[in-house]
Structure formats: structure tokens, C-alpha cells
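Enquirer: One structure coming up, written as C-alpha cells, with questions to follow.
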Amino acid sequence: MPDFLGLMKQAGQLQAKMAEMQAELDQVTVEGMAGGGMVSVTMSVKGDLKGVRIDDSLVKPGEKEIIEDLIVAAHADARRKAETLLAEKMKGLTGGLPLPPGLKLF
């Protein structure tokens with residue numbers, strides 16, 4: 001029975017560490033860029049879009065579709081960076097143990 005109690009204690013500690021990490025991740029942002037930096041987006045690691053910056057040279061009549069495509073590409077870049085950062089944080093938290101495929105914590 002002592003082993004079970006030890007496991008429960010470790011589970012509680014892991015849960016507390018995950019709560020700390022979630023609070024920390026609320027403060028972390030990443031920036032994604034497209035078009036050689038002409039369009040950038042800032043988002044939280046959890047995927048909330050925080051801001052968009054478009055270079056003035058892109059704002060020309062008839063180029064709205066290009067700008068929209070670049071925003072989507074910049075957001076995808078930021079999302080990939082966020083997922084990489086989250087995976088690194090989780091790896092450190094779980095001691096390198098891989099999480100089951102498809103398990104989403106955020």
C-alpha cells in the first residue's frame with residue numbers, strides 16, 4: 001500500500017506543476033512571420049491571437065487577398081512555434097516520458 005500512496009503523492013505534485021505551467025504559458029507569446037517579415041502575428045502559446053502587423057508597402061488596392069493569405073501563413077508559423085515550445089515544456093515536466101498520441105492538454 002505504501003507504493004500506491006507514493007504514486008498518489010507524485011500525481012498530486014504533477015498536477016500542481018501542470019497548473020503552474022498553465023499559468024506561466026498564459027504569459028508567453030510567440031511571433032510568426034510571413035512574406036519576409038512583411039506580415040507578423042503575435043499569439044499566446046495556447047493559440048490566442050494577440051496582434052497582427054502588416055507592412056505599409058502591402059496595403060495597395062487589389063492586394064487584399066495577398067495580405068489575407070500572408071496573415072494565415074504567419075499565424076500557422078506562430079502556431080508551430082507555440083506547439084514546439086509547449087512540447088518542450090511538457091517534456092521537462094513529465095521527465096521525458098512521451099504523452100500518448102493525440103493527448104491535448106491545452
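Numbering starts fresh at 1 for the residues of each chain in the C-alpha cells, the chains themselves are lettered A, B, ... in the order given, and ligands are numbered from 1 as they appear.
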Counting only C-alpha atoms, what is within 12 Å of Ile67 of chain A, bar same-chain residues fewer than 2 positions away, as a PyMOL selection string?
Expert: chain A and resi 34-35+38-40+52-65+69-74
Enquirer: Deliver the residues from the most recent selection as a file, using C-alpha atoms, as an mmCIF file, in the first residue's frame.
Expert:
```cif
data_model
loop_
_atom_site.group_PDB
_atom_site.id
_atom_site.type_symbol
_atom_site.label_atom_id
_atom_site.label_comp_id
_atom_site.auth_asym_id
_atom_site.auth_seq_id
_atom_site.Cartn_x
_atom_site.Cartn_y
_atom_site.Cartn_z
ATOM 1 C CA ALA A 34 5.366 35.568 -43.475
ATOM 2 C CA GLY A 35 6.346 37.392 -46.631
ATOM 3 C CA MET A 38 6.094 41.940 -44.062
ATOM 4 C CA VAL A 39 3.283 40.340 -42.053
ATOM 5 C CA SER A 40 3.612 39.164 -38.477
ATOM 6 C CA VAL A 52 -1.247 41.496 -36.339
ATOM 7 C CA ARG A 53 1.308 43.773 -38.029
ATOM 8 C CA ILE A 54 1.209 44.475 -41.764
ATOM 9 C CA ASP A 55 3.966 46.416 -43.535
ATOM 10 C CA ASP A 56 2.614 49.598 -45.145
ATOM 11 C CA SER A 57 4.002 48.564 -48.535
ATOM 12 C CA LEU A 58 1.443 45.741 -48.708
ATOM 13 C CA VAL A 59 -1.592 47.963 -48.398
ATOM 14 C CA LYS A 60 -2.351 48.627 -52.034
ATOM 15 C CA PRO A 61 -5.626 48.438 -53.919
ATOM 16 C CA GLY A 62 -6.359 44.943 -55.193
ATOM 17 C CA GLU A 63 -3.884 43.181 -52.889
ATOM 18 C CA LYS A 64 -6.262 42.353 -50.068
ATOM 19 C CA GLU A 65 -6.209 38.633 -50.908
ATOM 20 C CA ASP A 69 -3.053 34.739 -47.238
ATOM 21 C CA LEU A 70 0.064 36.109 -45.542
ATOM 22 C CA ILE A 71 -1.792 36.557 -42.254
ATOM 23 C CA VAL A 72 -2.891 32.922 -42.389
ATOM 24 C CA ALA A 73 0.709 31.835 -43.128
ATOM 25 C CA ALA A 74 2.094 33.969 -40.272
#
```
Enquirer: Please identify which residues in segment 4-93 of chain A DSSP calls strand (DSSP E or B) from the backbone, and express them as an MDAnalysis selection string.
Expert: chainID A and resid 29:34 39:44 49:54
Enquirer: Could you give me, as a list of chain:residue names, the residues within 9 Å of segment 16-26 of chain A, counting only C-alpha atoms and dropping anything in the same chain fewer than 5 positions from it?
Expert: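 Contacts, in chain order: A:Ala11, A:Ser44, A:Val45, A:Lys46, A:Leu86, A:Lys89, A:Met90, A:Leu93, A:Phe106.
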Enquirer: Restricting the calculation to only C-alpha atoms: of A:Ile66, A:Leu5, A:Leu14, A:Leu49, which residue gets closest to Val30 of chain A?
Expert: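 Of all the options, A:Leu49 lies closest to Val30 of chain A.
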Enquirer: What is the distance, in Å and to one decimal place, between atom CA of Glu31 of chain A and atom CA of Lys91 of chain A?
Expert: 22.0 Å
Enquirer: To one decimal place, how far is atom CA of Glu68 of chain A from atom CA of Met33 of chain A in Å?
Expert: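 Between these atoms lies a distance of 13.0 Å.
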Enquirer: Could you work out how far atom CA of Thr84 of chain A lies from atom CA of Gly37 of chain A, giving the answer in Å with one decimal?
Expert: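 Taking atom CA of Gly37 of chain A as the start and atom CA of Thr84 of chain A as the end point, the length is 20.5 Å.
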Enquirer: Tell me which of A:Val41, A:Lys9, A:Asp3, A:Gly32 sits closest to Asp77 of chain A, counting only C-alpha atoms.
Expert: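 Under the stated criterion, the closest residue is A:Gly32.
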Enquirer: Please return as JSON, numbers by chain: the residues of segment 3-76 of chain A that backbone DSSP assigns to alpha helix (DSSP H).
Expert: {"A": [3, 4, 5, 6, 7, 8, 9, 10, 11, 12, 13, 14, 15, 16, 17, 18, 19, 20, 21, 22, 23, 24, 25, 64, 65, 66, 67, 68, 69, 70, 71, 72, 73, 74, 75, 76]}
